[in-house]
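K.L.:
Got a structure for you, start24.cif, holding mmCIF, C-alpha atoms; chains and numbers go by the auth columns.
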data_upload
#
loop_
_atom_site.group_PDB
_atom_site.id
_atom_site.type_symbol
_atom_site.label_atom_id
_atom_site.label_comp_id
_atom_site.label_asym_id
_atom_site.label_seq_id
_atom_site.Cartn_x
_atom_site.Cartn_y
_atom_site.Cartn_z
_atom_site.B_iso_or_equiv
_atom_site.auth_seq_id
_atom_site.auth_asym_id
ATOM 1 C CA MET A 1 -4.838 21.093 18.840 0.00 1496 A
ATOM 2 C CA SER A 2 -5.914 19.970 15.400 0.00 1497 A
ATOM 3 C CA CYS A 3 -6.166 16.465 14.058 0.00 1498 A
ATOM 4 C CA VAL A 4 -6.361 14.491 10.833 0.00 1499 A
ATOM 5 C CA HIS A 5 -8.368 11.284 10.762 0.00 1500 A
ATOM 6 C CA TYR A 6 -6.716 8.591 8.681 0.00 1501 A
ATOM 7 C CA LYS A 7 -7.826 5.148 7.612 0.00 1502 A
ATOM 8 C CA PHE A 8 -5.832 2.550 5.748 0.00 1503 A
ATOM 9 C CA SER A 9 -7.828 1.359 2.740 0.00 1504 A
ATOM 10 C CA SER A 10 -7.365 -2.239 3.905 0.00 1505 A
ATOM 11 C CA ARG A 11 -8.701 -1.640 7.427 0.00 1506 A
ATOM 12 C CA LEU A 12 -12.106 -1.069 8.923 0.00 1507 A
ATOM 13 C CA ASN A 13 -11.079 1.282 11.736 0.00 1508 A
ATOM 14 C CA SER A 14 -9.661 4.769 11.479 0.00 1509 A
ATOM 15 C CA ASP A 15 -7.097 6.499 13.680 0.00 1510 A
ATOM 16 C CA VAL A 16 -6.110 10.084 14.455 0.00 1511 A
ATOM 17 C CA VAL A 17 -2.920 12.142 14.172 0.00 1512 A
ATOM 18 C CA THR A 18 -2.906 15.264 16.346 0.00 1513 A
ATOM 19 C CA PHE A 19 -0.755 18.344 15.752 0.00 1514 A
ATOM 20 C CA HIS A 20 -0.438 22.011 16.651 0.00 1515 A
ATOM 21 C CA GLY A 21 -1.641 24.586 14.133 0.00 1516 A
ATOM 22 C CA PRO A 22 -4.380 24.793 11.523 0.00 1517 A
ATOM 23 C CA HIS A 23 -2.783 22.333 9.065 0.00 1518 A
ATOM 24 C CA ILE A 24 -0.040 19.722 8.637 0.00 1519 A
ATOM 25 C CA SER A 25 2.245 19.120 5.671 0.00 1520 A
ATOM 26 C CA LEU A 26 1.973 15.845 3.801 0.00 1521 A
ATOM 27 C CA ARG A 27 5.589 15.062 4.742 0.00 1522 A
ATOM 28 C CA HIS A 28 4.871 15.444 8.475 0.00 1523 A
ATOM 29 C CA LEU A 29 1.585 13.542 8.235 0.00 1524 A
ATOM 30 C CA ARG A 30 3.347 10.603 6.562 0.00 1525 A
ATOM 31 C CA ARG A 31 6.037 10.619 9.263 0.00 1526 A
ATOM 32 C CA GLN A 32 3.421 10.687 12.017 0.00 1527 A
ATOM 33 C CA ILE A 33 1.436 7.819 10.494 0.00 1528 A
ATOM 34 C CA MET A 34 4.542 5.736 9.809 0.00 1529 A
ATOM 35 C CA GLY A 35 5.661 6.254 13.407 0.00 1530 A
ATOM 36 C CA ARG A 36 2.273 5.312 14.845 0.00 1531 A
ATOM 37 C CA GLU A 37 1.986 2.256 12.607 0.00 1532 A
ATOM 38 C CA ARG A 38 5.664 1.277 13.068 0.00 1533 A
ATOM 39 C CA LEU A 39 6.353 1.290 9.339 0.00 1534 A
ATOM 40 C CA LYS A 40 9.832 1.763 7.911 0.00 1535 A
ATOM 41 C CA ALA A 41 10.345 4.355 5.190 0.00 1536 A
ATOM 42 C CA THR A 42 12.811 2.039 3.445 0.00 1537 A
ATOM 43 C CA HIS A 43 10.134 -0.626 2.871 0.00 1538 A
ATOM 44 C CA CYS A 44 7.103 1.381 1.792 0.00 1539 A
ATOM 45 C CA ASP A 45 5.723 4.806 1.078 0.00 1540 A
ATOM 46 C CA LEU A 46 2.265 6.089 1.910 0.00 1541 A
ATOM 47 C CA GLN A 47 -0.218 7.191 -0.712 0.00 1542 A
ATOM 48 C CA VAL A 48 -2.527 9.732 0.947 0.00 1543 A
ATOM 49 C CA THR A 49 -5.900 10.661 -0.554 0.00 1544 A
ATOM 50 C CA ASN A 50 -8.529 13.118 0.672 0.00 1545 A
ATOM 51 C CA ALA A 51 -11.428 10.907 1.789 0.00 1546 A
ATOM 52 C CA GLN A 52 -14.109 13.393 0.641 0.00 1547 A
ATOM 53 C CA THR A 53 -12.754 14.603 -2.704 0.00 1548 A
ATOM 54 C CA MET A 54 -10.649 11.517 -3.583 0.00 1549 A
ATOM 55 C CA GLU A 55 -7.810 13.919 -4.504 0.00 1550 A
ATOM 56 C CA GLU A 56 -4.391 12.318 -4.023 0.00 1551 A
ATOM 57 C CA TYR A 57 -1.829 14.410 -2.197 0.00 1552 A
ATOM 58 C CA THR A 58 1.496 14.133 -4.050 0.00 1553 A
ATOM 59 C CA ASP A 59 3.483 17.238 -3.025 0.00 1554 A
ATOM 60 C CA ASP A 60 5.317 16.696 0.278 0.00 1555 A
ATOM 61 C CA ASN A 61 4.804 20.387 1.059 0.00 1556 A
ATOM 62 C CA ALA A 62 1.027 20.238 0.474 0.00 1557 A
ATOM 63 C CA LEU A 63 -0.900 21.446 3.501 0.00 1558 A
ATOM 64 C CA ILE A 64 -3.669 19.237 4.823 0.00 1559 A
ATOM 65 C CA PRO A 65 -6.211 21.177 6.906 0.00 1560 A
ATOM 66 C CA GLY A 66 -6.984 20.142 10.452 0.00 1561 A
ATOM 67 C CA ASN A 67 -10.075 17.983 11.028 0.00 1562 A
ATOM 68 C CA SER A 68 -9.690 16.412 7.581 0.00 1563 A
ATOM 69 C CA SER A 69 -10.167 12.744 6.776 0.00 1564 A
ATOM 70 C CA VAL A 70 -7.721 10.911 4.542 0.00 1565 A
ATOM 71 C CA THR A 71 -7.381 7.415 3.168 0.00 1566 A
ATOM 72 C CA VAL A 72 -3.904 5.896 3.351 0.00 1567 A
ATOM 73 C CA ARG A 73 -2.453 3.119 1.259 0.00 1568 A
ATOM 74 C CA GLY A 74 0.976 1.556 1.645 0.00 1569 A
ATOM 75 C CA VAL A 75 2.844 1.360 -1.650 0.00 1570 A
ATOM 76 C CA PRO A 76 6.322 -0.040 -2.390 0.00 1571 A
ATOM 77 C CA VAL A 77 9.145 2.469 -2.528 0.00 1572 A
ATOM 78 C CA ARG A 78 10.140 3.013 -6.143 0.00 1573 A
ATOM 79 C CA GLY A 79 13.478 1.587 -7.218 0.00 1574 A
ATOM 80 C CA VAL A 80 13.885 -0.569 -4.101 0.00 1575 A
ATOM 81 C CA LYS A 81 13.997 -4.322 -4.512 0.00 1576 A
ATOM 82 C CA ALA A 82 13.397 -6.891 -1.809 0.00 1577 A
ATOM 83 C CA THR A 83 16.578 -8.223 -0.265 0.00 1578 A
ATOM 84 C CA GLY A 84 17.202 -11.468 1.521 0.00 1579 A
ATOM 85 C CA LYS A 85 18.276 -15.046 1.108 0.00 1580 A
ATOM 86 C CA THR A 86 15.085 -16.287 -0.543 0.00 1581 A
ATOM 87 C CA ASP A 87 14.464 -15.585 -4.223 0.00 1582 A
ATOM 88 C CA LEU A 88 11.089 -13.900 -4.141 0.00 1583 A
ATOM 89 C CA GLY A 89 10.684 -13.627 -7.913 0.00 1584 A
ATOM 90 C CA SER A 90 9.216 -10.603 -9.575 0.00 1585 A
ATOM 91 C CA GLN A 91 5.536 -9.810 -9.761 0.00 1586 A
ATOM 92 C CA THR A 92 5.585 -10.268 -13.525 0.00 1587 A
ATOM 93 C CA GLU A 93 6.758 -13.877 -13.300 0.00 1588 A
ATOM 94 C CA PRO A 94 4.248 -16.703 -13.470 0.00 1589 A
ATOM 95 C CA ALA A 95 2.923 -17.878 -10.124 0.00 1590 A
ATOM 96 C CA SER A 96 4.060 -21.443 -10.775 0.00 1591 A
ATOM 97 C CA ARG A 97 7.756 -20.448 -10.866 0.00 1592 A
ATOM 98 C CA THR A 98 7.559 -18.389 -7.685 0.00 1593 A
ATOM 99 C CA SER A 99 5.660 -21.050 -5.793 0.00 1594 A
ATOM 100 C CA LYS A 100 8.269 -23.665 -6.756 0.00 1595 A
ATOM 101 C CA GLU A 101 11.097 -21.489 -5.429 0.00 1596 A
ATOM 102 C CA THR A 102 9.386 -20.742 -2.132 0.00 1597 A
ATOM 103 C CA ALA A 103 6.904 -23.609 -1.836 0.00 1598 A
ATOM 104 C CA ASN A 104 7.241 -23.970 1.930 0.00 1599 A
ATOM 105 C CA LEU A 105 7.811 -20.537 3.416 0.00 1600 A
ATOM 106 C CA ALA A 106 7.759 -21.880 6.982 0.00 1601 A
ATOM 107 C CA GLU A 107 10.937 -23.870 6.339 0.00 1602 A
ATOM 108 C CA ALA A 108 12.621 -21.360 3.975 0.00 1603 A
ATOM 109 C CA ASN A 109 16.052 -20.128 5.014 0.00 1604 A
ATOM 110 C CA ALA A 110 15.087 -16.445 5.218 0.00 1605 A
ATOM 111 C CA SER A 111 14.146 -13.750 7.697 0.00 1606 A
ATOM 112 C CA GLU A 112 10.538 -13.480 8.837 0.00 1607 A
ATOM 113 C CA GLU A 113 10.247 -10.207 6.931 0.00 1608 A
ATOM 114 C CA ASP A 114 11.390 -11.834 3.674 0.00 1609 A
ATOM 115 C CA LYS A 115 8.955 -14.709 4.204 0.00 1610 A
ATOM 116 C CA ILE A 116 6.115 -12.206 4.595 0.00 1611 A
ATOM 117 C CA LYS A 117 7.183 -10.375 1.421 0.00 1612 A
ATOM 118 C CA ALA A 118 7.254 -13.677 -0.481 0.00 1613 A
ATOM 119 C CA MET A 119 3.809 -14.581 0.824 0.00 1614 A
ATOM 120 C CA MET A 120 2.406 -11.194 -0.251 0.00 1615 A
ATOM 121 C CA ILE A 121 3.846 -11.542 -3.757 0.00 1616 A
ATOM 122 C CA GLN A 122 2.573 -15.116 -4.115 0.00 1617 A
ATOM 123 C CA SER A 123 -0.903 -14.193 -2.911 0.00 1618 A
ATOM 124 C CA CYS A 124 -1.179 -11.466 -5.569 0.00 1619 A
ATOM 125 C CA HIS A 125 -0.449 -13.816 -8.479 0.00 1620 A
ATOM 126 C CA GLU A 126 -3.860 -15.470 -8.323 0.00 1621 A
ATOM 127 C CA TYR A 127 -5.605 -12.087 -8.407 0.00 1622 A
ATOM 128 C CA ASP A 128 -3.624 -10.409 -11.169 0.00 1623 A
ATOM 129 C CA PRO A 129 -6.162 -8.288 -13.102 0.00 1624 A
ATOM 130 C CA SER A 130 -4.195 -8.708 -16.339 0.00 1625 A
ATOM 131 C CA LYS A 131 -4.918 -12.440 -16.211 0.00 1626 A
ATOM 132 C CA SER A 132 -8.651 -12.097 -15.630 0.00 1627 A
ATOM 133 C CA GLN A 133 -11.016 -12.961 -18.418 0.00 1628 A
ATOM 134 C CA THR A 134 -13.947 -10.672 -18.971 0.00 1629 A
ATOM 135 C CA LEU A 135 -17.200 -11.667 -20.570 0.00 1630 A
ATOM 136 C CA LYS A 136 -17.729 -9.660 -23.734 0.00 1631 A
ATOM 137 C CA MET A 137 -21.185 -9.469 -25.244 0.00 1632 A
ATOM 138 C CA SER A 138 -22.331 -7.891 -28.438 0.00 1633 A
ATOM 139 C CA ILE A 139 -25.907 -6.872 -28.939 0.00 1634 A
ATOM 140 C CA ASP A 140 -27.455 -6.573 -32.362 0.00 1635 A
ATOM 141 C CA LEU A 141 -29.547 -3.386 -32.350 0.00 1636 A
ATOM 142 C CA SER A 142 -30.281 -3.413 -36.073 0.00 1637 A
ATOM 143 C CA GLN A 143 -33.677 -5.109 -35.677 0.00 1638 A
#
Mind turning this structure into structure tokens?
P.N.:
Amino acid sequence: MSCVHYKFSSRLNSDVVTFHGPHISLRHLRRQIMGRERLKATHCDLQVTNAQTMEEYTDDNALIPGNSSVTVRGVPVRGVKATGKTDLGSQTEPASRTSKETANLAEANASEEDKIKAMMIQSCHEYDPSKSQTLKMSIDLSQ
């Protein structure tokens, strides 16, 4: 039996997927990981990167050799929007508007899953890199 060690970029611990043969296709590796982690393919996709070379696997038919290590990151499925009773807002909207619509998620009339999605979107607004201000310095080297 062969195995691929995988680690989510947001976690400290790694896990293992075992399989028969010298390699596993990216498609089968994603299915195995999603099954082990109880993730639904309709909610997210997995971005898989070779942990040593930092090469991202993008072709579902790509073969990943046994005893490899990969880094996994959950990414939203393209073209799929969140559904539910609560207006979650879009990630490009200002944080103030979203927080007014879903100010108290505990009492919101929505499923637990939609409340979690709203919380994740709201938490990202404060850390939006496009809103960060960088310190720019100029040095006069003409002296």
K.L.:
Just give me the gap between atom CA of A:Glu1602 and atom CA of A:Met1615 in Å, one decimal is fine.
P.N.:
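According to the coordinates, atom CA of A:Glu1602 and atom CA of A:Met1615 are separated by 16.6 Å.
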K.L.:
Name the residues in contact with stretch 1512-1521 of chain A at a cut-off of 8 Å, using only C-alpha atoms, excluding same-chain residues fewer than 3 positions from it; report them as number ranges by chain.
P.N.:
A: 1496-1501, 1524-1525, 1527-1528, 1552, 1554-1561
K.L.:
Tell me which residues the PyMOL selection byres ((chain A and resi 1541) around 6) grabs here, as number ranges by chain.
P.N.:
A: 1540, 1542, 1568-1570
K.L.:
Let me have the centre and edge lengths in Å, one decimal, of the box along x, y and z around every listed atom of stretch 1550-1556 of chain A with 6 Å of margin on each side, as JSON.
P.N.:
{"center_x": -1.2, "center_y": 16.4, "center_z": -1.7, "size_x": 25.1, "size_y": 20.1, "size_z": 17.6}
K.L.:
Any idea what the distance is between atom CA of A:Asn1562 and atom CA of A:Glu1532?
P.N.:
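Separating atom CA of A:Asn1562 from atom CA of A:Glu1532 is a distance of 19.9 Å.
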K.L.:
Selection in question (the file shown): the PyMOL selection byres ((chain A and resi 1538) around 8). Which residues does it include, as a PyMOL selection string?
P.N.:
chain A and resi 1534-1537+1539-1540+1571-1572+1575
K.L.:
By how many Å are atom CA of A:Arg1522 and atom CA of A:Glu1608 apart?
P.N.:
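Computing the Euclidean distance for atom CA of A:Arg1522 and atom CA of A:Glu1608 yields 25.8 Å.
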K.L.:
Could you name the residues that touch A:Thr1544 at 8 Å or less, counting only C-alpha atoms, but leaving out those on the same chain fewer than 5 positions away, as a list in words?
P.N.:
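Residues meeting the cut-off are Met1549, Glu1550, Glu1551, Tyr1552, Val1565, Thr1566 and Val1567 of chain A.
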K.L.:
Kindly indicate which residue among A:Leu1507, A:Met1614, A:Ser1564, A:Ala1605 lies nearest to A:Val1543, using only C-alpha atoms for the distances.
P.N.:
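Smallest distance to A:Val1543 is found for A:Ser1564.
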K.L.:
Rebuild N, CA, C and O atoms on stretch 1532-1546 of chain A, as an mmCIF file, in the frame of the given file?
P.N.:
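Result saved to rebuild.cif:
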data_model
loop_
_atom_site.group_PDB
_atom_site.id
_atom_site.type_symbol
_atom_site.label_atom_id
_atom_site.label_comp_id
_atom_site.auth_asym_id
_atom_site.auth_seq_id
_atom_site.Cartn_x
_atom_site.Cartn_y
_atom_site.Cartn_z
ATOM 1 N N GLU A 1532 2.229 3.601 13.142
ATOM 2 C CA GLU A 1532 1.986 2.256 12.607
ATOM 3 C C GLU A 1532 3.253 1.395 12.599
ATOM 4 O O GLU A 1532 3.216 0.256 12.153
ATOM 5 N N ARG A 1533 4.365 1.974 13.028
ATOM 6 C CA ARG A 1533 5.664 1.277 13.068
ATOM 7 C C ARG A 1533 6.086 0.761 11.694
ATOM 8 O O ARG A 1533 6.511 -0.380 11.535
ATOM 9 N N LEU A 1534 5.939 1.619 10.705
ATOM 10 C CA LEU A 1534 6.353 1.290 9.339
ATOM 11 C C LEU A 1534 7.717 1.902 9.076
ATOM 12 O O LEU A 1534 8.039 2.966 9.604
ATOM 13 N N LYS A 1535 8.507 1.249 8.252
ATOM 14 C CA LYS A 1535 9.832 1.763 7.911
ATOM 15 C C LYS A 1535 9.782 2.412 6.540
ATOM 16 O O LYS A 1535 9.256 1.844 5.589
ATOM 17 N N ALA A 1536 10.357 3.604 6.446
ATOM 18 C CA ALA A 1536 10.345 4.355 5.190
ATOM 19 C C ALA A 1536 11.122 3.639 4.088
ATOM 20 O O ALA A 1536 10.891 3.878 2.911
ATOM 21 N N THR A 1537 12.029 2.747 4.455
ATOM 22 C CA THR A 1537 12.811 2.039 3.445
ATOM 23 C C THR A 1537 12.010 0.926 2.779
ATOM 24 O O THR A 1537 12.362 0.470 1.706
ATOM 25 N N HIS A 1538 10.924 0.486 3.402
ATOM 26 C CA HIS A 1538 10.134 -0.626 2.871
ATOM 27 C C HIS A 1538 8.907 -0.180 2.091
ATOM 28 O O HIS A 1538 8.477 -0.859 1.174
ATOM 29 N N CYS A 1539 8.310 0.940 2.495
ATOM 30 C CA CYS A 1539 7.103 1.381 1.792
ATOM 31 C C CYS A 1539 6.950 2.890 1.896
ATOM 32 O O CYS A 1539 7.592 3.543 2.700
ATOM 33 N N ASP A 1540 6.091 3.405 1.059
ATOM 34 C CA ASP A 1540 5.723 4.806 1.078
ATOM 35 C C ASP A 1540 4.221 4.844 1.303
ATOM 36 O O ASP A 1540 3.535 3.828 1.137
ATOM 37 N N LEU A 1541 3.695 5.983 1.678
ATOM 38 C CA LEU A 1541 2.265 6.089 1.910
ATOM 39 C C LEU A 1541 1.619 6.960 0.849
ATOM 40 O O LEU A 1541 2.065 8.082 0.598
ATOM 41 N N GLN A 1542 0.583 6.433 0.253
ATOM 42 C CA GLN A 1542 -0.218 7.191 -0.712
ATOM 43 C C GLN A 1542 -1.394 7.750 0.082
ATOM 44 O O GLN A 1542 -2.167 6.994 0.663
ATOM 45 N N VAL A 1543 -1.513 9.077 0.127
ATOM 46 C CA VAL A 1543 -2.527 9.732 0.947
ATOM 47 C C VAL A 1543 -3.536 10.424 0.035
ATOM 48 O O VAL A 1543 -3.170 11.188 -0.850
ATOM 49 N N THR A 1544 -4.817 10.130 0.270
ATOM 50 C CA THR A 1544 -5.900 10.661 -0.554
ATOM 51 C C THR A 1544 -6.942 11.307 0.342
ATOM 52 O O THR A 1544 -7.293 10.747 1.384
ATOM 53 N N ASN A 1545 -7.453 12.465 -0.056
ATOM 54 C CA ASN A 1545 -8.529 13.118 0.672
ATOM 55 C C ASN A 1545 -9.759 12.217 0.603
ATOM 56 O O ASN A 1545 -10.203 11.840 -0.486
ATOM 57 N N ALA A 1546 -10.317 11.862 1.749
ATOM 58 C CA ALA A 1546 -11.428 10.907 1.789
ATOM 59 C C ALA A 1546 -12.710 11.471 1.176
ATOM 60 O O ALA A 1546 -13.530 10.702 0.667
#
